[in-house]
Each structure stands twice: as C-alpha cells, then as structure tokens.
$ cat query.cif   # mmCIF, C-alpha atoms and all ligand atoms
data_model
#
loop_
_atom_site.label_atom_id
_atom_site.label_comp_id
_atom_site.auth_asym_id
_atom_site.auth_seq_id
_atom_site.Cartn_x
_atom_site.Cartn_y
_atom_site.Cartn_z
CA MET A 1 -24.91 -112.10 119.12
CA SER A 2 -24.70 -108.37 118.78
CA SER A 3 -21.24 -106.86 119.00
CA ARG A 4 -22.68 -103.74 120.59
CA SER A 5 -22.93 -103.66 124.34
CA ASP A 6 -26.40 -103.35 125.79
CA ALA A 7 -24.63 -101.56 128.65
CA ALA A 8 -23.32 -98.76 126.42
CA PRO A 9 -25.69 -96.02 125.34
CA PRO A 10 -25.38 -95.28 121.62
CA SER A 11 -23.01 -92.41 120.88
CA THR A 12 -25.62 -89.92 119.71
CA VAL A 13 -23.47 -86.94 120.62
CA ALA A 14 -21.09 -85.95 117.82
CA LEU A 15 -17.47 -86.48 118.80
CA ALA A 16 -15.31 -83.42 119.34
CA ALA A 17 -12.50 -84.94 117.26
CA PRO A 18 -11.81 -87.81 114.83
CA VAL A 19 -10.95 -91.21 116.33
CA VAL A 20 -8.86 -94.11 115.05
CA THR A 21 -9.77 -97.30 116.88
CA ILE A 22 -7.24 -100.10 117.33
CA ASP A 23 -8.77 -103.24 118.81
CA GLY A 24 -7.36 -106.72 119.19
CA PRO A 25 -6.27 -109.42 121.64
CA SER A 26 -3.39 -109.04 124.09
CA GLY A 27 0.01 -109.42 122.46
CA SER A 28 -1.25 -108.33 119.04
CA GLY A 29 0.98 -105.27 119.37
CA LYS A 30 -1.87 -102.78 119.57
CA GLY A 31 -0.49 -101.03 122.67
CA THR A 32 2.89 -100.34 121.04
CA VAL A 33 1.33 -99.48 117.69
CA SER A 34 -1.26 -97.16 119.26
CA ARG A 35 1.47 -95.29 121.12
CA MET A 36 3.65 -94.98 118.02
CA LEU A 37 0.72 -93.83 115.92
CA ALA A 38 -0.47 -91.24 118.46
CA GLN A 39 3.03 -89.82 118.72
CA ARG A 40 3.58 -89.79 114.97
CA VAL A 41 0.36 -87.97 114.10
CA GLY A 42 0.28 -85.85 117.29
CA TRP A 43 -3.06 -87.19 118.55
CA HIS A 44 -4.19 -88.12 122.06
CA LEU A 45 -4.05 -91.73 123.24
CA LEU A 46 -6.69 -93.72 125.10
CA ASP A 47 -5.41 -96.96 126.66
CA SER A 48 -8.80 -98.38 127.64
CA GLY A 49 -7.33 -101.65 128.96
CA ALA A 50 -5.46 -99.61 131.56
CA LEU A 51 -8.79 -98.29 132.87
CA TYR A 52 -9.99 -101.86 133.58
CA ARG A 53 -6.61 -102.67 135.11
CA VAL A 54 -6.85 -99.63 137.39
CA VAL A 55 -10.36 -100.62 138.51
CA ALA A 56 -9.15 -104.13 139.41
CA HIS A 57 -6.06 -102.77 141.14
CA ALA A 58 -8.02 -100.20 143.14
CA GLY A 59 -10.47 -102.93 144.18
CA ARG A 60 -7.57 -104.98 145.50
CA LEU A 61 -6.14 -101.99 147.38
CA LEU A 62 -9.51 -101.41 149.01
CA GLY A 63 -9.81 -105.08 149.93
CA LEU A 64 -12.96 -105.65 147.87
CA ALA A 65 -14.07 -109.22 147.30
CA PRO A 66 -13.14 -110.32 143.74
CA ASP A 67 -16.84 -110.72 142.90
CA ASP A 68 -18.02 -107.40 144.37
CA VAL A 69 -19.64 -105.92 141.24
CA ALA A 70 -21.19 -102.90 143.00
CA GLY A 71 -17.93 -101.99 144.75
CA HIS A 72 -15.90 -102.17 141.52
CA THR A 73 -18.59 -100.22 139.64
CA ARG A 74 -18.37 -97.45 142.24
CA ILE A 75 -14.61 -97.30 141.69
CA ALA A 76 -15.11 -97.11 137.91
CA GLU A 77 -17.55 -94.22 138.39
CA GLN A 78 -15.57 -92.25 140.93
CA MET A 79 -11.84 -92.91 140.49
CA LYS A 80 -9.60 -89.99 139.58
CA VAL A 81 -7.16 -91.36 137.05
CA GLU A 82 -4.74 -89.53 134.77
CA PHE A 83 -2.32 -90.83 132.17
CA GLU A 84 1.03 -89.30 131.32
CA TYR A 85 3.20 -90.53 128.44
CA SER A 86 6.70 -89.33 127.78
CA GLY A 87 8.30 -89.52 124.36
CA ALA A 88 10.70 -92.19 125.65
CA GLY A 89 7.81 -94.59 126.12
CA ARG A 90 7.67 -94.08 129.88
CA GLU A 91 4.15 -93.97 131.28
CA ARG A 92 2.73 -92.80 134.55
CA ILE A 93 -0.77 -93.64 135.69
CA TRP A 94 -1.95 -91.45 138.53
CA LEU A 95 -4.68 -92.96 140.68
CA ASP A 96 -5.81 -90.51 143.31
CA GLY A 97 -2.33 -88.96 143.29
CA ALA A 98 -0.22 -92.18 143.37
CA ASP A 99 1.64 -93.60 140.35
CA VAL A 100 0.25 -97.12 139.83
CA ALA A 101 1.75 -97.72 136.35
CA ALA A 102 4.01 -100.60 137.42
CA ALA A 103 1.36 -102.25 139.59
CA VAL A 104 -1.35 -102.27 136.92
CA ARG A 105 0.95 -103.85 134.31
CA ASP A 106 1.50 -107.11 136.20
CA GLU A 107 -0.34 -110.33 135.43
CA THR A 108 -2.48 -110.13 138.59
CA ALA A 109 -3.90 -106.79 137.45
CA GLY A 110 -4.32 -108.22 133.93
CA ALA A 111 -6.34 -111.17 135.20
CA GLY A 112 -8.34 -108.86 137.48
CA ALA A 113 -9.02 -106.52 134.54
CA SER A 114 -10.36 -109.38 132.46
CA ARG A 115 -12.69 -110.32 135.34
CA VAL A 116 -14.10 -106.83 135.98
CA ALA A 117 -14.31 -106.12 132.22
CA ALA A 118 -16.87 -108.92 131.90
CA TRP A 119 -19.36 -107.02 134.11
CA PRO A 120 -21.80 -104.77 132.19
CA GLU A 121 -22.06 -102.37 135.16
CA VAL A 122 -18.31 -101.67 135.14
CA ARG A 123 -18.24 -101.32 131.35
CA ALA A 124 -21.17 -98.89 131.42
CA ALA A 125 -19.49 -96.84 134.15
CA LEU A 126 -16.45 -96.31 131.91
CA VAL A 127 -18.24 -95.34 128.67
CA ALA A 128 -18.52 -91.57 129.18
CA ARG A 129 -14.93 -91.31 130.45
CA GLN A 130 -13.68 -93.03 127.29
CA ARG A 131 -15.78 -90.94 124.89
CA ALA A 132 -14.63 -87.76 126.64
CA ALA A 133 -11.07 -88.61 125.57
CA ALA A 134 -11.92 -87.77 121.94
CA LEU A 135 -10.40 -84.28 121.95
CA PRO A 136 -8.83 -82.23 119.12
CA PRO A 137 -6.81 -82.81 117.11
CA GLY A 138 -7.82 -86.49 117.37
CA LEU A 139 -7.69 -89.69 119.40
CA VAL A 140 -6.06 -93.08 118.94
CA ALA A 141 -8.22 -95.46 121.01
CA ASP A 142 -6.67 -98.79 122.00
CA GLY A 143 -8.84 -101.61 123.37
CA ARG A 144 -11.23 -104.44 122.64
CA ASP A 145 -14.51 -102.65 121.89
CA MET A 146 -13.35 -99.26 120.66
CA GLY A 147 -14.73 -99.76 117.15
CA THR A 148 -17.80 -101.80 118.09
CA VAL A 149 -19.16 -100.02 121.19
CA ILE A 150 -17.34 -96.89 122.33
CA PHE A 151 -16.65 -95.21 118.97
CA PRO A 152 -18.96 -96.92 116.44
CA ASP A 153 -18.70 -93.88 114.12
CA ALA A 154 -14.89 -93.72 114.04
CA PRO A 155 -13.63 -92.93 110.54
CA LEU A 156 -10.86 -95.56 110.70
CA LYS A 157 -11.07 -98.86 112.58
CA ILE A 158 -8.23 -101.35 112.81
CA PHE A 159 -8.45 -104.85 114.25
CA LEU A 160 -4.93 -106.08 114.96
CA THR A 161 -4.25 -109.79 115.36
CA ALA A 162 -1.25 -112.14 115.57
CA SER A 163 -0.94 -115.89 116.05
CA ALA A 164 -1.48 -117.06 119.65
CA GLU A 165 2.08 -118.43 119.72
CA GLU A 166 3.62 -115.12 118.63
CA ARG A 167 1.49 -113.18 121.13
CA ALA A 168 2.61 -115.41 124.03
CA LYS A 169 6.25 -114.96 122.97
CA ARG A 170 5.92 -111.15 122.86
CA ARG A 171 4.26 -110.98 126.25
CA HIS A 172 6.87 -113.33 127.73
CA LYS A 173 9.69 -111.10 126.46
CA GLN A 174 7.99 -108.02 127.91
CA LEU A 175 7.50 -109.61 131.33
CA LYS A 176 11.02 -111.08 131.41
CA GLU A 177 12.42 -107.57 130.96
CA LYS A 178 10.73 -106.73 134.25
CA ASP A 179 12.36 -109.75 135.91
CA SER A 180 9.10 -111.61 136.19
CA ALA A 181 9.28 -115.34 136.99
CA VAL A 182 6.60 -116.08 134.41
CA THR A 183 7.10 -119.10 132.08
CA LEU A 184 6.18 -119.32 128.40
CA PRO A 185 3.90 -122.39 128.73
CA GLY A 186 2.12 -120.84 131.72
CA LEU A 187 1.68 -117.59 129.85
CA SER A 188 0.38 -119.37 126.73
CA ARG A 189 -2.30 -121.03 128.86
CA GLU A 190 -3.24 -117.72 130.52
CA ILE A 191 -3.43 -115.89 127.18
CA ALA A 192 -5.62 -118.64 125.70
CA GLU A 193 -7.92 -118.47 128.73
CA ARG A 194 -8.12 -114.67 128.65
CA ASP A 195 -8.80 -114.70 124.87
CA ARG A 196 -11.60 -117.17 125.44
CA ARG A 197 -13.14 -115.08 128.21
CA ASP A 198 -12.83 -111.78 126.29
CA ALA A 199 -14.27 -113.26 123.06
CA THR A 200 -17.19 -115.13 124.63
CA ARG A 201 -18.44 -112.67 127.25
CA PRO A 202 -22.00 -111.55 126.52
CA VAL A 203 -21.19 -107.84 126.78
CA ALA A 204 -18.84 -106.16 124.28
CA PRO A 205 -17.02 -109.35 123.27
CA LEU A 206 -13.70 -109.03 121.45
CA VAL A 207 -14.80 -109.10 117.81
CA PRO A 208 -13.81 -106.91 114.85
CA ALA A 209 -16.32 -104.19 113.92
CA ALA A 210 -18.04 -104.96 110.61
CA ASP A 211 -16.19 -102.02 109.03
CA ALA A 212 -12.79 -102.71 110.65
CA ILE A 213 -9.66 -103.37 108.62
CA VAL A 214 -8.04 -106.55 109.96
CA LEU A 215 -4.22 -106.48 110.08
CA ASP A 216 -2.16 -109.54 111.03
CA SER A 217 1.05 -108.49 112.78
CA THR A 218 2.54 -111.99 113.25
CA THR A 219 5.43 -111.28 110.86
CA LEU A 220 5.36 -107.48 110.93
CA SER A 221 7.26 -105.07 113.17
CA ALA A 222 5.35 -102.43 115.14
CA VAL A 223 6.90 -99.78 112.88
CA ALA A 224 5.64 -101.58 109.75
CA VAL A 225 2.11 -101.85 111.21
CA THR A 226 2.18 -98.16 112.21
CA ASP A 227 3.34 -97.21 108.69
CA ALA A 228 0.40 -99.16 107.24
CA ILE A 229 -2.09 -97.36 109.50
CA VAL A 230 -0.54 -93.96 108.75
CA ALA A 231 -0.98 -94.71 105.03
CA LEU A 232 -4.62 -95.74 105.58
CA GLY A 233 -5.33 -92.57 107.56
CA ARG A 234 -3.81 -90.45 104.80
CA THR A 235 -6.12 -91.99 102.19
CA ARG A 236 -9.04 -91.04 104.48
CA ALA A 237 -7.74 -87.49 104.89
CA LEU A 238 -7.31 -87.88 108.65
CA TRP A 239 -3.82 -86.37 108.44
CA GLY A 240 -1.32 -85.32 105.82
CA GLU A 241 2.35 -86.29 105.52
CA CYS A 242 3.74 -87.34 108.91
O1 LIG B 301 -5.25 -104.48 126.86
P1 LIG B 301 -5.08 -104.94 128.31
O2 LIG B 301 -4.33 -106.24 128.45
O3 LIG B 301 -4.52 -103.87 129.15
O4 LIG B 301 -6.59 -105.22 128.83
C1 LIG B 301 -6.82 -105.73 130.10
C2 LIG B 301 -8.15 -106.49 130.12
O5 LIG B 301 -9.22 -105.57 129.95
C3 LIG B 301 -8.29 -107.55 129.03
O6 LIG B 301 -8.64 -108.79 129.63
C4 LIG B 301 -9.44 -107.11 128.19
C5 LIG B 301 -10.12 -106.03 128.95
N1 LIG B 301 -10.49 -104.91 128.10
C6 LIG B 301 -11.80 -104.83 127.69
O7 LIG B 301 -12.60 -105.70 128.00
N2 LIG B 301 -12.19 -103.78 126.93
C7 LIG B 301 -11.33 -102.83 126.56
N3 LIG B 301 -11.74 -101.82 125.81
C8 LIG B 301 -9.97 -102.92 126.96
C9 LIG B 301 -9.58 -103.98 127.73
#
$ encode --input "query.cif" --output "structure tokens"
Amino acid sequence: MSSRSDAAPPSTVALAAPVVTIDGPSGSGKGTVSRMLAQRVGWHLLDSGALYRVVAHAGRLLGLAPDDVAGHTRIAEQMKVEFEYSGAGRERIWLDGADVAAAVRDETAGAGASRVAAWPEVRAALVARQRAAALPPGLVADGRDMGTVIFPDAPLKIFLTASAEERAKRRHKQLKEKDSAVTLPGLSREIAERDRRDATRPVAPLVPAADAIVLDSTTLSAVAVTDAIVALGRTRALWGEC
C-alpha cells in the first residue's frame, strides 16, 4: 500500500520555507514536542489534527449527519480558522470568529476527527491550507501524514512513538486535568481503536515516511525529545545554537 495519498496532489511547488515534520499516534507527545520545538527555534506551528477536529466540530454545530461527506468537505474547503498560541501554552482556535479551542479538544471532537480524516475528499480539501503554512523562517508540522503526503520533501522528518500503555496514561492525565469523567480502561480501548482506524485507512494511513527518524518517547520527557530534535536539526543546518 502506498503511503502517499491519492487524494493529495504532489507538492510540485517549492516550499517558501523549510519544514520539520513530526508525525505519530495520539499520546506520543508530538503535540507538546512540536510546540516546544517551534517556540525554541522561532518557527511557525501547524497542528494539522486540530484542522480535522475543527471540521468535525463545525459539522456537529451545523447539525450535519455524521456520514455527510459532501457537507464536511464543504466545511474543510470554506471554513475560516485561525490559530493563536501564547508562550504560556495557551491556545485559541478561532472558527468564524468564535474560540472553539476547548470544544475541539474533547474526546467527541477527537472521535469525529478520526472519522472525517478517513475521507479522501476532506483530506484533499485541507492539503493547500496545510502547505500554505510553510512560511519563513520555517514550519514545525505536527500530524499523521506530514512527512508522507503533505511535505514529502521536508528536510527533517520525525516519527514519534510511545507504548500504547504510556500513551493512554498521558492522555488520561491530560483529560483528568480538565475534570473529564474519562476512565483509563475506556481510554485505552478508544486509543487502540483510533490507532487501528488511522493506521489501516486506505488514504494517508499513519505510517512513518521511508526517510523519517523514528524516536520512541516512552521513557523520555518532552524536553529530552525536543533536545534530540534540536540537535538533529543543527546537524542538518536548519538552525544554529538555540
Ligand atoms: O492529533 P489529533 O488527536 O488532534 O488528531 C485528530 C484525528 O485526526 C486523529 O484521529 C488522526 C487525524 N489526523 C489525520 O488523519 N491526519 C493528520 N495530519 C492529523 C490528524
């Protein structure tokens, strides 16, 4: 099976800036690491998972049927979404003028994102938006298919993993902080199901790019993983001391 999406046109246009791709399953720490890295090297950040979450959330707000591919594709094409990150780790996601950051981070939006992300039409509708995020001085792109489909020519590709048990524990801790009633066994089952769906879908499945460096974060802190990526980027002359 090809790891490139048939839905994504090849990126024939040269990127306006270098890109570091960080792909991996949920709970691998890629969100935290991508944020830390972007801040440390002063590059832009693309949280591609949030785009799929926003599409699912907007579909729910509009009362679309969960299987309405055309309706969700229209949202992916037309939505006005902007991301704002503060140094303190606070994020705002503006969807047509309203901050939907909290709403798109819940498990319902996560499950909805996994569903809409399996549709080639929705994926294709988001390609140009993602590639347009590659602006100077550079972009840290966080997702599942950043290195395989969206930025196949990126000069540094990381595939971040962690054991399924560790990933469920991390996600549980995160959700508990928000007072969620979620349980660890329930979450483990959901993560296993989402991993299965993301890895086996025919379009842009979650697989490392052939030229990705695979890092296992099971026993590493986010700072240690970020340090490792900073060192790798320095050897590739993407940045200097930082
Ligand atoms: O990283 P996340 O949990 O916010 O991602 C939400 C869902 O979107 C997840 O099920 C995988 C999917 N996704 C994807 O298919 N491709 C991406 N580039 C990013 C996320």
$ residues_near_ligand --input "query.cif" --ligand "ligand LIG 301 (chain B)" --cutoff "9 Å" --atoms "all atoms listed in the file" --output "VMD selection string"
chain A and resid 23 to 27 30 to 31 47 to 53 104 to 105 109 to 118 123 141 to 146 149 to 150 194 to 195 197 to 198 203 to 206
$ write_last_selection --input "query.cif" --atoms "C-alpha atoms" --output "PDB file, keeping the file's coordinate frame"
ATOM      1  CA  ASP A  23      -8.770-103.240 118.810  1.00  0.00           C
ATOM      2  CA  GLY A  24      -7.360-106.720 119.190  1.00  0.00           C
ATOM      3  CA  PRO A  25      -6.270-109.420 121.640  1.00  0.00           C
ATOM      4  CA  SER A  26      -3.390-109.040 124.090  1.00  0.00           C
ATOM      5  CA  GLY A  27       0.010-109.420 122.460  1.00  0.00           C
ATOM      6  CA  LYS A  30      -1.870-102.780 119.570  1.00  0.00           C
ATOM      7  CA  GLY A  31      -0.490-101.030 122.670  1.00  0.00           C
ATOM      8  CA  ASP A  47      -5.410 -96.960 126.660  1.00  0.00           C
ATOM      9  CA  SER A  48      -8.800 -98.380 127.640  1.00  0.00           C
ATOM     10  CA  GLY A  49      -7.330-101.650 128.960  1.00  0.00           C
ATOM     11  CA  ALA A  50      -5.460 -99.610 131.560  1.00  0.00           C
ATOM     12  CA  LEU A  51      -8.790 -98.290 132.870  1.00  0.00           C
ATOM     13  CA  TYR A  52      -9.990-101.860 133.580  1.00  0.00           C
ATOM     14  CA  ARG A  53      -6.610-102.670 135.110  1.00  0.00           C
ATOM     15  CA  VAL A 104      -1.350-102.270 136.920  1.00  0.00           C
ATOM     16  CA  ARG A 105       0.950-103.850 134.310  1.00  0.00           C
ATOM     17  CA  ALA A 109      -3.900-106.790 137.450  1.00  0.00           C
ATOM     18  CA  GLY A 110      -4.320-108.220 133.930  1.00  0.00           C
ATOM     19  CA  ALA A 111      -6.340-111.170 135.200  1.00  0.00           C
ATOM     20  CA  GLY A 112      -8.340-108.860 137.480  1.00  0.00           C
ATOM     21  CA  ALA A 113      -9.020-106.520 134.540  1.00  0.00           C
ATOM     22  CA  SER A 114     -10.360-109.380 132.460  1.00  0.00           C
ATOM     23  CA  ARG A 115     -12.690-110.320 135.340  1.00  0.00           C
ATOM     24  CA  VAL A 116     -14.100-106.830 135.980  1.00  0.00           C
ATOM     25  CA  ALA A 117     -14.310-106.120 132.220  1.00  0.00           C
ATOM     26  CA  ALA A 118     -16.870-108.920 131.900  1.00  0.00           C
ATOM     27  CA  ARG A 123     -18.240-101.320 131.350  1.00  0.00           C
ATOM     28  CA  ALA A 141      -8.220 -95.460 121.010  1.00  0.00           C
ATOM     29  CA  ASP A 142      -6.670 -98.790 122.000  1.00  0.00           C
ATOM     30  CA  GLY A 143      -8.840-101.610 123.370  1.00  0.00           C
ATOM     31  CA  ARG A 144     -11.230-104.440 122.640  1.00  0.00           C
ATOM     32  CA  ASP A 145     -14.510-102.650 121.890  1.00  0.00           C
ATOM     33  CA  MET A 146     -13.350 -99.260 120.660  1.00  0.00           C
ATOM     34  CA  VAL A 149     -19.160-100.020 121.190  1.00  0.00           C
ATOM     35  CA  ILE A 150     -17.340 -96.890 122.330  1.00  0.00           C
ATOM     36  CA  ARG A 194      -8.120-114.670 128.650  1.00  0.00           C
ATOM     37  CA  ASP A 195      -8.800-114.700 124.870  1.00  0.00           C
ATOM     38  CA  ARG A 197     -13.140-115.080 128.210  1.00  0.00           C
ATOM     39  CA  ASP A 198     -12.830-111.780 126.290  1.00  0.00           C
ATOM     40  CA  VAL A 203     -21.190-107.840 126.780  1.00  0.00           C
ATOM     41  CA  ALA A 204     -18.840-106.160 124.280  1.00  0.00           C
ATOM     42  CA  PRO A 205     -17.020-109.350 123.270  1.00  0.00           C
ATOM     43  CA  LEU A 206     -13.700-109.030 121.450  1.00  0.00           C
TER      44      LEU A 206
END
$ atom_distance --input "query.cif" --atom1 "atom CA of A:Val55" --atom2 "atom CA of A:Leu215"
29.7 Å
$ closest_atom_pairs --input "query.cif" --of "stretch 102-152 of chain A" --to "stretch 75-87 of chain A" --cutoff "12 Å" --atoms "all atoms listed in the file" --output "JSON lines"
{"residue": "A:Ala113", "atom": "CA", "partner": "A:Ala76", "partner_atom": "CA", "distance": 11.7}
{"residue": "A:Val116", "atom": "CA", "partner": "A:Ala76", "partner_atom": "CA", "distance": 10.0}
{"residue": "A:Ala117", "atom": "CA", "partner": "A:Ala76", "partner_atom": "CA", "distance": 10.7}
{"residue": "A:Trp119", "atom": "CA", "partner": "A:Ala76", "partner_atom": "CA", "distance": 11.4}
{"residue": "A:Pro120", "atom": "CA", "partner": "A:Ala76", "partner_atom": "CA", "distance": 11.7}
{"residue": "A:Glu121", "atom": "CA", "partner": "A:Ala76", "partner_atom": "CA", "distance": 9.1}
{"residue": "A:Val122", "atom": "CA", "partner": "A:Ala76", "partner_atom": "CA", "distance": 6.2}
{"residue": "A:Arg123", "atom": "CA", "partner": "A:Ala76", "partner_atom": "CA", "distance": 8.4}
{"residue": "A:Ala124", "atom": "CA", "partner": "A:Ala76", "partner_atom": "CA", "distance": 9.1}
{"residue": "A:Ala125", "atom": "CA", "partner": "A:Glu77", "partner_atom": "CA", "distance": 5.3}
{"residue": "A:Leu126", "atom": "CA", "partner": "A:Ala76", "partner_atom": "CA", "distance": 6.2}
{"residue": "A:Val127", "atom": "CA", "partner": "A:Glu77", "partner_atom": "CA", "distance": 9.8}
{"residue": "A:Ala128", "atom": "CA", "partner": "A:Glu77", "partner_atom": "CA", "distance": 9.6}
{"residue": "A:Arg129", "atom": "CA", "partner": "A:Glu77", "partner_atom": "CA", "distance": 8.9}
{"residue": "A:Gln130", "atom": "CA", "partner": "A:Ala76", "partner_atom": "CA", "distance": 11.5}
{"residue": "A:Ala133", "atom": "CA", "partner": "A:Phe83", "partner_atom": "CA", "distance": 11.2}
$ atom_distance --input "query.cif" --atom1 "atom CA of A:Ala181" --atom2 "atom CA of A:Gly29"
21.9 Å
$ atom_distance --input "query.cif" --atom1 "atom CA of A:Trp43" --atom2 "atom CA of A:Pro136"
7.6 Å
$ residues_around --input "query.cif" --residues "A:Ser217" --least-positions-apart "4" --cutoff "9 Å" --atoms "all atoms listed in the file" --output "list in words"
Ser28, Gly29, Leu160, Thr161, Ala162, Ser163, Ser221, Ala222, Ala224 and Val225 of chain A
$ closest_residue --input "query.cif" --among "A:Leu45, A:Ala212, A:Ala56, A:Cys242" --to "A:Ala154" --atoms "all atoms listed in the file"
A:Ala212
$ residues_around --input "query.cif" --residues "A:His172" --least-positions-apart "4" --cutoff "12 Å" --atoms "all atoms listed in the file" --output "MDAnalysis selection string"
chainID A and resid 26:27 106:107 165:168 176:188 190:191
$ closest_residue --input "query.cif" --among "A:Leu61, A:Ala134, A:Leu139, A:Ala17" --to "A:Leu95" --atoms "only C-alpha atoms"
A:Leu61
$ closest_residue --input "query.cif" --among "A:Ala58, A:Leu64, A:Val223, A:Val69" --to "A:Ala98" --atoms "only C-alpha atoms"
A:Ala58
$ decode --input "query.cif" --residues "stretch 218-227 of chain A" --atoms "all heavy atoms" --output "short mmCIF file (atom, residue, chain, number, x, y, z; two decimals), in the first residue's frame"
data_model
loop_
_atom_site.label_atom_id
_atom_site.label_comp_id
_atom_site.auth_asym_id
_atom_site.auth_seq_id
_atom_site.Cartn_x
_atom_site.Cartn_y
_atom_site.Cartn_z
N THR A 218 8.64 6.69 25.04
CA THR A 218 8.03 6.03 26.21
C THR A 218 8.72 6.43 27.51
O THR A 218 8.06 6.73 28.50
CB THR A 218 8.07 4.49 26.06
OG1 THR A 218 7.47 4.16 24.82
CG2 THR A 218 7.32 3.80 27.20
N THR A 219 10.06 6.49 27.51
CA THR A 219 10.77 6.79 28.76
C THR A 219 11.46 8.15 28.71
O THR A 219 12.34 8.43 29.51
CB THR A 219 11.83 5.70 29.05
OG1 THR A 219 12.75 5.69 27.95
CG2 THR A 219 11.19 4.33 29.20
N LEU A 220 11.08 8.97 27.73
CA LEU A 220 11.74 10.28 27.60
C LEU A 220 10.77 11.41 27.90
O LEU A 220 9.59 11.32 27.55
CB LEU A 220 12.25 10.47 26.16
CG LEU A 220 13.39 9.57 25.68
CD1 LEU A 220 13.69 9.86 24.21
CD2 LEU A 220 14.65 9.78 26.52
N SER A 221 11.28 12.48 28.50
CA SER A 221 10.43 13.66 28.71
C SER A 221 10.30 14.42 27.40
O SER A 221 11.11 14.23 26.48
CB SER A 221 11.07 14.58 29.76
OG SER A 221 12.23 15.16 29.22
N ALA A 222 9.29 15.30 27.33
CA ALA A 222 9.11 16.12 26.13
C ALA A 222 10.34 16.99 25.89
O ALA A 222 10.74 17.21 24.74
CB ALA A 222 7.85 16.97 26.28
N VAL A 223 10.94 17.47 26.98
CA VAL A 223 12.13 18.32 26.83
C VAL A 223 13.27 17.51 26.21
O VAL A 223 13.99 17.99 25.31
CB VAL A 223 12.56 18.91 28.21
CG1 VAL A 223 13.89 19.63 28.10
CG2 VAL A 223 11.48 19.85 28.73
N ALA A 224 13.43 16.26 26.68
CA ALA A 224 14.52 15.42 26.14
C ALA A 224 14.30 15.13 24.66
O ALA A 224 15.24 15.15 23.86
CB ALA A 224 14.61 14.11 26.94
N VAL A 225 13.04 14.88 24.26
CA VAL A 225 12.75 14.61 22.85
C VAL A 225 13.02 15.88 22.02
O VAL A 225 13.62 15.82 20.95
CB VAL A 225 11.27 14.15 22.66
CG1 VAL A 225 10.95 14.01 21.18
CG2 VAL A 225 11.03 12.84 23.39
N THR A 226 12.59 17.03 22.56
CA THR A 226 12.82 18.30 21.84
C THR A 226 14.31 18.55 21.68
O THR A 226 14.77 18.93 20.59
CB THR A 226 12.15 19.48 22.60
OG1 THR A 226 10.78 19.14 22.84
CG2 THR A 226 12.23 20.76 21.80
N ASP A 227 15.08 18.30 22.75
CA ASP A 227 16.55 18.48 22.67
C ASP A 227 17.11 17.61 21.54
O ASP A 227 17.96 18.05 20.77
CB ASP A 227 17.22 18.05 23.99
CG ASP A 227 17.04 19.09 25.08
OD1 ASP A 227 16.67 20.24 24.75
OD2 ASP A 227 17.28 18.75 26.26
#
